[in-house]
Structures are given as structure tokens and as C-alpha cells.
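Raw model06.cif, mmCIF, C-alpha atoms and all ligand atoms:
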data_my_file
loop_
_atom_site.label_atom_id
_atom_site.label_comp_id
_atom_site.auth_asym_id
_atom_site.auth_seq_id
_atom_site.Cartn_x
_atom_site.Cartn_y
_atom_site.Cartn_z
CA MET A 1366 2.67 -24.33 6.64
CA ASP A 1367 2.59 -26.17 3.33
CA THR A 1368 -0.92 -26.42 1.95
CA PRO A 1369 -0.64 -26.09 -1.83
CA THR A 1370 -3.73 -24.84 -3.61
CA PHE A 1371 -3.01 -26.23 -7.07
CA ASN A 1372 -6.08 -27.29 -9.08
CA MET A 1373 -8.44 -26.24 -6.29
CA PRO A 1374 -10.97 -23.69 -7.54
CA ASN A 1375 -11.72 -21.06 -4.92
CA THR A 1376 -14.54 -18.90 -6.14
CA ALA A 1377 -14.76 -17.01 -2.86
CA THR A 1378 -11.27 -15.66 -3.49
CA TYR A 1379 -12.19 -14.69 -7.04
CA ASP A 1380 -15.34 -12.95 -5.81
CA LEU A 1381 -13.28 -11.06 -3.25
CA LEU A 1382 -10.83 -9.92 -5.94
CA MET A 1383 -13.69 -8.75 -8.14
CA ASN A 1384 -15.47 -6.87 -5.36
CA ARG A 1385 -12.58 -5.54 -3.31
CA ARG A 1386 -12.35 -1.78 -3.18
CA SER A 1387 -10.42 0.72 -1.16
CA VAL A 1388 -12.01 2.59 1.71
CA LYS A 1389 -10.79 6.15 2.14
CA ALA A 1390 -8.55 6.32 5.19
CA LYS A 1391 -10.46 9.36 6.38
CA ASP A 1392 -13.65 7.26 6.38
CA MET A 1393 -12.10 4.53 8.55
CA GLU A 1394 -12.98 3.84 12.13
CA GLY A 1395 -11.43 1.69 14.81
CA PRO A 1396 -10.65 -0.86 15.78
CA GLY A 1397 -7.85 -1.54 13.36
CA PRO A 1398 -6.23 -4.94 13.04
CA ASN A 1399 -4.52 -6.01 16.26
CA ARG A 1400 -0.95 -7.30 16.22
CA GLU A 1401 -2.02 -10.87 15.55
CA VAL A 1402 -4.12 -9.87 12.54
CA MET A 1403 -1.51 -7.38 11.37
CA GLU A 1404 1.08 -10.13 11.41
CA LYS A 1405 -1.15 -12.26 9.19
CA ILE A 1406 -1.54 -9.37 6.77
CA LEU A 1407 2.21 -8.70 6.71
CA ARG A 1408 3.00 -12.38 6.19
CA ALA A 1409 0.66 -12.38 3.19
CA GLY A 1410 2.51 -9.31 1.96
CA MET A 1411 5.79 -11.18 2.07
CA ARG A 1412 4.41 -14.16 0.18
CA VAL A 1413 4.75 -12.75 -3.31
CA PRO A 1414 6.62 -13.52 -6.50
CA ASP A 1415 10.17 -12.25 -6.02
CA HIS A 1416 12.78 -12.84 -8.73
CA GLY A 1417 16.02 -13.95 -7.08
CA LYS A 1418 14.43 -14.33 -3.64
CA LEU A 1419 15.69 -10.90 -2.68
CA ALA A 1420 12.77 -9.79 -0.49
CA PRO A 1421 13.35 -6.16 -1.58
CA TRP A 1422 10.89 -4.66 0.86
CA ARG A 1423 10.41 -3.93 4.54
CA PHE A 1424 7.45 -2.69 6.50
CA VAL A 1425 7.24 -0.17 9.34
CA VAL A 1426 4.04 -0.63 11.34
CA LEU A 1427 2.74 2.49 13.07
CA GLU A 1428 -0.05 2.15 15.60
CA GLY A 1429 -1.43 4.53 18.21
CA ALA A 1430 0.77 7.49 19.04
CA ALA A 1431 3.57 6.30 16.74
CA ARG A 1432 1.39 7.44 13.81
CA GLU A 1433 1.52 11.01 15.11
CA LYS A 1434 5.29 11.04 14.64
CA LEU A 1435 4.81 10.49 10.92
CA GLY A 1436 2.26 13.31 10.77
CA ASP A 1437 4.71 15.55 12.63
CA ALA A 1438 7.52 14.56 10.25
CA ILE A 1439 5.39 15.42 7.21
CA ALA A 1440 4.35 18.78 8.70
CA LYS A 1441 7.97 19.62 9.54
CA ALA A 1442 9.09 18.68 6.03
CA LEU A 1443 6.40 20.86 4.44
CA VAL A 1444 7.72 23.89 6.32
CA GLU A 1445 11.38 23.08 5.61
CA GLU A 1446 11.14 21.88 2.02
CA GLN A 1447 8.08 23.64 0.64
CA GLU A 1448 8.09 26.81 2.73
CA THR A 1449 4.50 26.00 3.67
CA SER A 1450 3.16 28.12 6.50
CA GLU A 1451 3.15 26.36 9.87
CA LYS A 1452 -0.59 26.85 10.06
CA ILE A 1453 -1.22 24.91 6.84
CA ALA A 1454 1.47 22.35 7.62
CA ASP A 1455 -0.18 21.73 10.99
CA LYS A 1456 -3.22 20.39 9.17
CA MET A 1457 -1.05 17.61 7.74
CA LYS A 1458 -0.28 16.41 11.25
CA GLY A 1459 -3.53 14.46 11.11
CA TYR A 1460 -2.55 12.67 7.89
CA ALA A 1461 -1.14 9.59 9.56
CA THR A 1462 -3.89 9.23 12.15
CA GLN A 1463 -6.65 8.99 9.55
CA GLY A 1464 -6.75 5.21 9.91
CA PRO A 1465 -6.18 3.16 13.09
CA VAL A 1466 -3.09 1.34 11.79
CA LEU A 1467 -0.61 2.43 9.16
CA VAL A 1468 2.10 0.44 7.42
CA VAL A 1469 4.89 2.28 5.67
CA ALA A 1470 5.77 -0.11 2.85
CA ILE A 1471 9.39 0.51 1.94
CA TYR A 1472 11.01 -0.63 -1.27
CA SER A 1473 14.46 -1.76 -0.21
CA PRO A 1474 16.48 -2.83 -3.26
CA ASN A 1475 18.90 -5.67 -2.86
CA ASP A 1476 21.95 -5.77 -5.15
CA SER A 1477 23.30 -9.13 -3.98
CA ARG A 1478 22.13 -10.67 -7.27
CA PRO A 1479 21.78 -9.18 -10.77
CA ILE A 1480 18.02 -8.71 -10.71
CA PRO A 1481 16.83 -5.48 -12.38
CA GLU A 1482 15.48 -2.88 -9.98
CA TRP A 1483 12.30 -2.72 -12.01
CA GLU A 1484 11.54 -6.32 -11.11
CA GLN A 1485 12.24 -5.64 -7.46
CA GLN A 1486 9.85 -2.71 -7.60
CA LEU A 1487 7.18 -4.93 -9.14
CA SER A 1488 7.63 -7.41 -6.30
CA THR A 1489 7.18 -4.56 -3.80
CA GLY A 1490 3.95 -3.52 -5.51
CA ALA A 1491 2.78 -7.12 -5.33
CA ALA A 1492 3.55 -7.16 -1.60
CA CYS A 1493 1.40 -4.06 -1.09
CA GLN A 1494 -1.46 -5.49 -3.12
CA ASN A 1495 -1.29 -8.79 -1.25
CA MET A 1496 -1.69 -6.85 2.00
CA LEU A 1497 -4.75 -5.08 0.60
CA ILE A 1498 -6.29 -8.40 -0.37
CA ALA A 1499 -5.38 -10.11 2.90
CA ALA A 1500 -6.80 -7.27 4.97
CA THR A 1501 -10.03 -7.32 2.97
CA ALA A 1502 -10.25 -11.10 3.37
CA LEU A 1503 -9.81 -10.75 7.12
CA GLY A 1504 -12.61 -8.18 7.33
CA TYR A 1505 -10.73 -4.89 7.38
CA ALA A 1506 -10.87 -1.75 5.32
CA VAL A 1507 -7.66 -0.63 3.66
CA GLN A 1508 -6.26 2.12 1.45
CA TRP A 1509 -2.92 2.51 -0.29
CA LEU A 1510 -1.75 6.11 -0.34
CA THR A 1511 1.48 7.90 -1.07
CA GLY A 1512 1.25 11.68 -1.44
CA TRP A 1513 3.87 14.37 -1.16
CA GLY A 1514 5.25 13.12 2.16
CA SER A 1515 6.34 9.82 0.69
CA TYR A 1516 8.82 11.60 -1.58
CA SER A 1517 10.18 14.05 0.97
CA PRO A 1518 13.90 13.59 1.80
CA SER A 1519 13.25 14.81 5.33
CA VAL A 1520 10.41 12.32 5.94
CA ARG A 1521 12.56 9.56 4.49
CA ALA A 1522 15.39 10.53 6.82
CA ASP A 1523 13.05 10.62 9.82
CA LEU A 1524 11.95 7.10 8.90
CA GLN A 1525 15.65 6.13 8.91
CA MET A 1526 15.54 5.02 5.30
CA SER A 1527 18.68 4.52 3.24
CA GLU A 1528 19.44 6.52 0.08
CA GLN A 1529 18.36 3.59 -2.10
CA GLU A 1530 15.08 2.95 -0.35
CA ARG A 1531 11.77 4.43 -1.44
CA ILE A 1532 8.33 4.57 0.06
CA ALA A 1533 6.00 2.33 -1.93
CA GLY A 1534 3.01 3.35 0.08
CA PHE A 1535 1.36 4.36 3.29
CA LEU A 1536 -1.14 1.54 3.75
CA PHE A 1537 -3.96 2.42 6.13
CA PHE A 1538 -5.96 -0.30 7.88
CA GLY A 1539 -9.17 0.06 9.85
CA HIS A 1540 -12.86 -0.65 9.82
CA HIS A 1541 -15.35 0.71 7.37
CA GLY A 1542 -17.39 3.44 9.06
CA GLU A 1543 -21.03 4.36 8.57
CA CYS A 1544 -20.47 6.02 5.19
CA TYR A 1545 -21.10 4.35 1.84
CA THR A 1546 -18.06 3.56 -0.29
CA ALA A 1547 -19.16 3.55 -3.90
CA GLU A 1548 -17.49 1.41 -6.51
CA ARG A 1549 -15.24 3.50 -8.72
CA PRO A 1550 -15.33 3.32 -12.52
CA ARG A 1551 -13.17 0.45 -13.64
CA PRO A 1552 -11.10 0.37 -16.84
CA ASN A 1553 -12.83 -0.75 -20.01
CA PHE A 1554 -11.65 -4.33 -20.51
CA GLU A 1555 -11.33 -4.13 -24.31
CA ASP A 1556 -9.12 -1.04 -24.11
CA HIS A 1557 -6.46 -2.96 -22.25
CA VAL A 1558 -6.45 -6.43 -23.73
CA THR A 1559 -5.46 -7.77 -27.11
CA TRP A 1560 -5.65 -11.42 -27.95
CA GLY A 1561 -3.03 -12.96 -30.18
CA TRP A 1562 0.18 -11.80 -31.81
CA PRO A 1563 0.02 -7.97 -32.23
CA ALA A 1564 0.97 -7.86 -35.91
CA ASP A 1565 -1.62 -10.52 -36.73
CA ALA A 1566 -4.34 -8.68 -34.79
CA ALA A 1567 -3.81 -5.54 -36.94
CA GLU A 1568 -4.64 -7.39 -40.18
C1 LIG B 1601 1.24 3.47 -5.46
C2 LIG B 1601 -0.12 4.08 -5.24
C3 LIG B 1601 -0.21 5.29 -4.61
C4 LIG B 1601 -1.45 5.89 -4.41
N1 LIG B 1601 -1.51 7.11 -3.79
C5 LIG B 1601 -2.70 7.71 -3.65
C6 LIG B 1601 -2.79 8.97 -3.00
O1 LIG B 1601 -1.80 9.51 -2.52
N2 LIG B 1601 -4.01 9.55 -2.91
C7 LIG B 1601 -5.13 8.96 -3.40
O2 LIG B 1601 -6.22 9.54 -3.30
N3 LIG B 1601 -5.08 7.74 -3.98
C8 LIG B 1601 -3.90 7.11 -4.12
N4 LIG B 1601 -3.84 5.88 -4.70
C9 LIG B 1601 -5.09 5.25 -5.16
C10 LIG B 1601 -5.82 4.70 -3.95
O3 LIG B 1601 -5.18 3.56 -3.45
C11 LIG B 1601 -7.27 4.44 -4.30
O4 LIG B 1601 -7.97 4.23 -3.15
C12 LIG B 1601 -7.47 3.28 -5.24
O5 LIG B 1601 -6.95 3.56 -6.53
C13 LIG B 1601 -8.91 2.89 -5.38
O6 LIG B 1601 -8.94 1.71 -6.12
P1 LIG B 1601 -9.41 0.32 -5.49
O7 LIG B 1601 -10.79 0.56 -4.98
O8 LIG B 1601 -9.31 -0.63 -6.60
O9 LIG B 1601 -8.46 -0.03 -4.37
C14 LIG B 1601 -2.62 5.24 -4.87
C15 LIG B 1601 -2.53 3.99 -5.48
C16 LIG B 1601 -1.28 3.40 -5.66
C17 LIG B 1601 -1.20 2.05 -6.33
#

What is this file in C-alpha cells?
Amino acid sequence: MDTPTFNMPNTATYDLLMNRRSVKAKDMEGPGPNREVMEKILRAGMRVPDHGKLAPWRFVVLEGAAREKLGDAIAKALVEEQETSEKIADKMKGYATQGPVLVVAIYSPNDSRPIPEWEQQLSTGAACQNMLIAATALGYAVQWLTGWGSYSPSVRADLQMSEQERIAGFLFFGHHGECYTAERPRPNFEDHVTWGWPADAAE
């Protein structure tokens, strides 16, 4: 597919960017994206700026019962690593089944070229955000979560991740349920933007 979009205003895309918001995974309902839709979302995730063409990311898609294994892994890790009681840890078993489909976005650094890790991490973040946008554009609800489990050595081992890899996010995909998802307060534009050369602006 080679359909460049240079010099072609697309206000629908801009409107989507300005109105997109996350839907809490716990508020999601089925059906989630099927394989065909999920593939479209993942392909959009891979189509991001990537210094050195390293593709420093990989994605583990968990659907159906496979999600329960992640919940089990997190509950096990809580008991082993945090000395959490089994009763409390059991509650975490439902973490991964909150949404119908879950993608574990894994940052997978590539040292074949001298590209700083920071830049590879930025590319991974862009991949996650592209998936959020693509899912929204295709009519699905999505939320990007991490939480304690994403940093657990035991969970990482259960996901067969290497020492260098890190979890960039648990991305949940589903449909928006009956509830209302309010817009959240957005940053104040002026607090985050300066125009012109900094030293000149201070004068
Ligand atoms: C890397 C990353 C990790 C996040 N982890 C969590 C999390 O564990 N729990 C949470 O409530 N929100 C988390 N968030 C924020 C949610 O994605 C939240 O839904 C989002 O900030 C809402 O903003 P939006 O409506 O613009 O998507 C995380 C965001 C990012 C970028």
C-alpha cells in the first residue's frame, strides 16, 4: 500500500485526535476487535517514526482465556514478590480480563545500530499511541495501562521477555459500555508552550 497523504487536509483525523479519550478497561464490554481488526490496529502501531529502522517493539496479543494467564501471573507475582496475601492477590486475577482483548506492548531494544535507547523508547510510545488512535478510528474503546505487574520480574519472566525488554503498556481494547466516559481535564496550553528563542522570550 502506497497512498501518500501529503498536502491533503483531513479534518476528520484532526477531530478524532482532539476528541479521543480513553475508556476505562473496567467499563469495556465485548465484542473486542476480531483478529482482522486487531491486525489493522497492530499494523498502525508499527507504522511509526523509528530512528535507524530498528523496530524496537513487539506485541503479545491476549484474547479469551489467554488473558487469564496474565492475571494469574500477576497474582502469583504479588504473593512471591510483595508477600501479598493470596486472598488479595486473587483479586488481581481479574486484571487482564477487564477488557475483551489485551495487547502487551513490549519495548525490545535493538543494539544493531548506535541509536540511543531513549529514542527507541520514544518510538515504542509512538507505537502504543498509534494503536490507541487506530482503535478509536475503527470504532473501539481503548486504554493504556501499566501498573505494578508491568514491572514485576516474575511477570516479565512468565511473558518470556529478555532482560533488556520492558513492558510499555497493557493496552486494552473493547467496546464502550453503557456508562458515560467524561472528558478529563487537559493541560493548560500556555503552560506548556513557548514561542520563539527562550532567551529572547524572557526579555
Ligand atoms: C505509559 C502509561 C501508563 C499508564 N498506566 C496507567 C495505569 O496503570 N493506571 C491508570 O489509571 N492510568 C494509566 N495511564 C493513563 C491512562 O492511559 C489514562 O486512561 C489516560 O491518561 C487518559 O487520557 P486519555 O483520555 O487522553 O487517553 C497510563 C498512561 C501511560 C501513557

(request) Would you list the contacts of range 1410-1427 of chain A as a PyMOL selection string, taking every protein, DNA or RNA residue within 7 Å and counting only C-alpha atoms, but skipping same-chain residues closer than 2 positions in sequence? (result) chain A and resi 1406-1408+1429+1431-1432+1466-1475+1478+1480+1485+1488-1489+1491-1493+1495-1496

Show me, as a tab-separated table, the residues of chain A having an atom within 9 Å of ligand LIG 1601 (chain B), each with the closest atom pair and its distance in Å, using all atoms listed in the file.
residue	atom	partner	partner_atom	distance
A:Asn1384	CA	B:LIG1601	O7	8.8
A:Arg1385	CA	B:LIG1601	O7	6.6
A:Arg1386	CA	B:LIG1601	O7	3.3
A:Ser1387	CA	B:LIG1601	O9	3.8
A:Val1388	CA	B:LIG1601	O4	6.5
A:Lys1389	CA	B:LIG1601	O4	6.3
A:Ala1390	CA	B:LIG1601	O4	8.6
A:Gly1490	CA	B:LIG1601	C1	7.5
A:Cys1493	CA	B:LIG1601	C17	8.5
A:Gln1494	CA	B:LIG1601	C17	8.2
A:Leu1497	CA	B:LIG1601	O9	8.0
A:Val1507	CA	B:LIG1601	O9	8.1
A:Gln1508	CA	B:LIG1601	O3	5.2
A:Trp1509	CA	B:LIG1601	O3	4.0
A:Leu1510	CA	B:LIG1601	N1	3.6
A:Thr1511	CA	B:LIG1601	O1	3.9
A:Gly1512	CA	B:LIG1601	O1	3.9
A:Trp1513	CA	B:LIG1601	O1	7.6
A:Ser1515	CA	B:LIG1601	O1	8.8
A:Ala1533	CA	B:LIG1601	C1	6.0
A:Gly1534	CA	B:LIG1601	C1	5.8
A:Phe1535	CA	B:LIG1601	C3	8.1
A:Leu1536	CA	B:LIG1601	O3	8.5
A:Ala1547	CA	B:LIG1601	O7	9.0
A:Glu1548	CA	B:LIG1601	O7	6.9
A:Arg1549	CA	B:LIG1601	O7	6.5
A:Arg1551	CA	B:LIG1601	O8	8.1

(request) Pick out the residues sitting within 12 Å of Lys1441 in chain A, and hand them over as an NGL selection string; count only C-alpha atoms, and ignore anything fewer than 5 positions along from it in its own chain. (result) :A and (1434-1436 or 1446-1458 or 1514 or 1517-1520 or 1523)

(request) Return the single residue from A:Arg1521, A:Glu1394, A:Phe1554, A:Ala1564 that is closest to Ile1439 in chain A, with distances computed using all atoms listed in the file. (result)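 Among the listed residues, A:Arg1521 lies closest to Ile1439 in chain A.
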
(message) Measuring between all atoms listed in the file, which one of A:Asp1380, A:Asp1437, A:Asp1367, A:Glu1404 shows the shortest distance to Thr1462 in chain A?
(response)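 Comparing A:Asp1380, A:Asp1437, A:Asp1367, A:Glu1404 against Thr1462 in chain A, the winner is A:Asp1437.
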
(message) To one decimal place in Å, what is the distance between CA of Arg1400 in chain A and CA of Glu1530 in chain A?
(response)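 We find that CA of Arg1400 in chain A and CA of Glu1530 in chain A lie 25.2 Å from each other.
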
(request) Mind giving me the straight-line distance from CA of Pro1479 in chain A to CA of Glu1528 in chain A in Å, one decimal? (result) 19.2 Å

(message) Please compute the CA of Asn1372 in chain A-CA of Glu1555 in chain A distance, one decimal, in Å.
(response)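 It comes out at 28.2 Å.
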
(request) Rank nothing, just name the residue among A:Asn1553, A:Ala1438, A:Gly1459, A:Ala1500 nearest to Gln1525 in chain A, using all atoms listed in the file. (result) A:Ala1438

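For the choices A:Ala1499, A:Leu1382, A:Ala1506, A:Ala1461, the atom-to-atom distance to Gly1539 in chain A is smallest for A:Ala1506 when using only C-alpha atoms.
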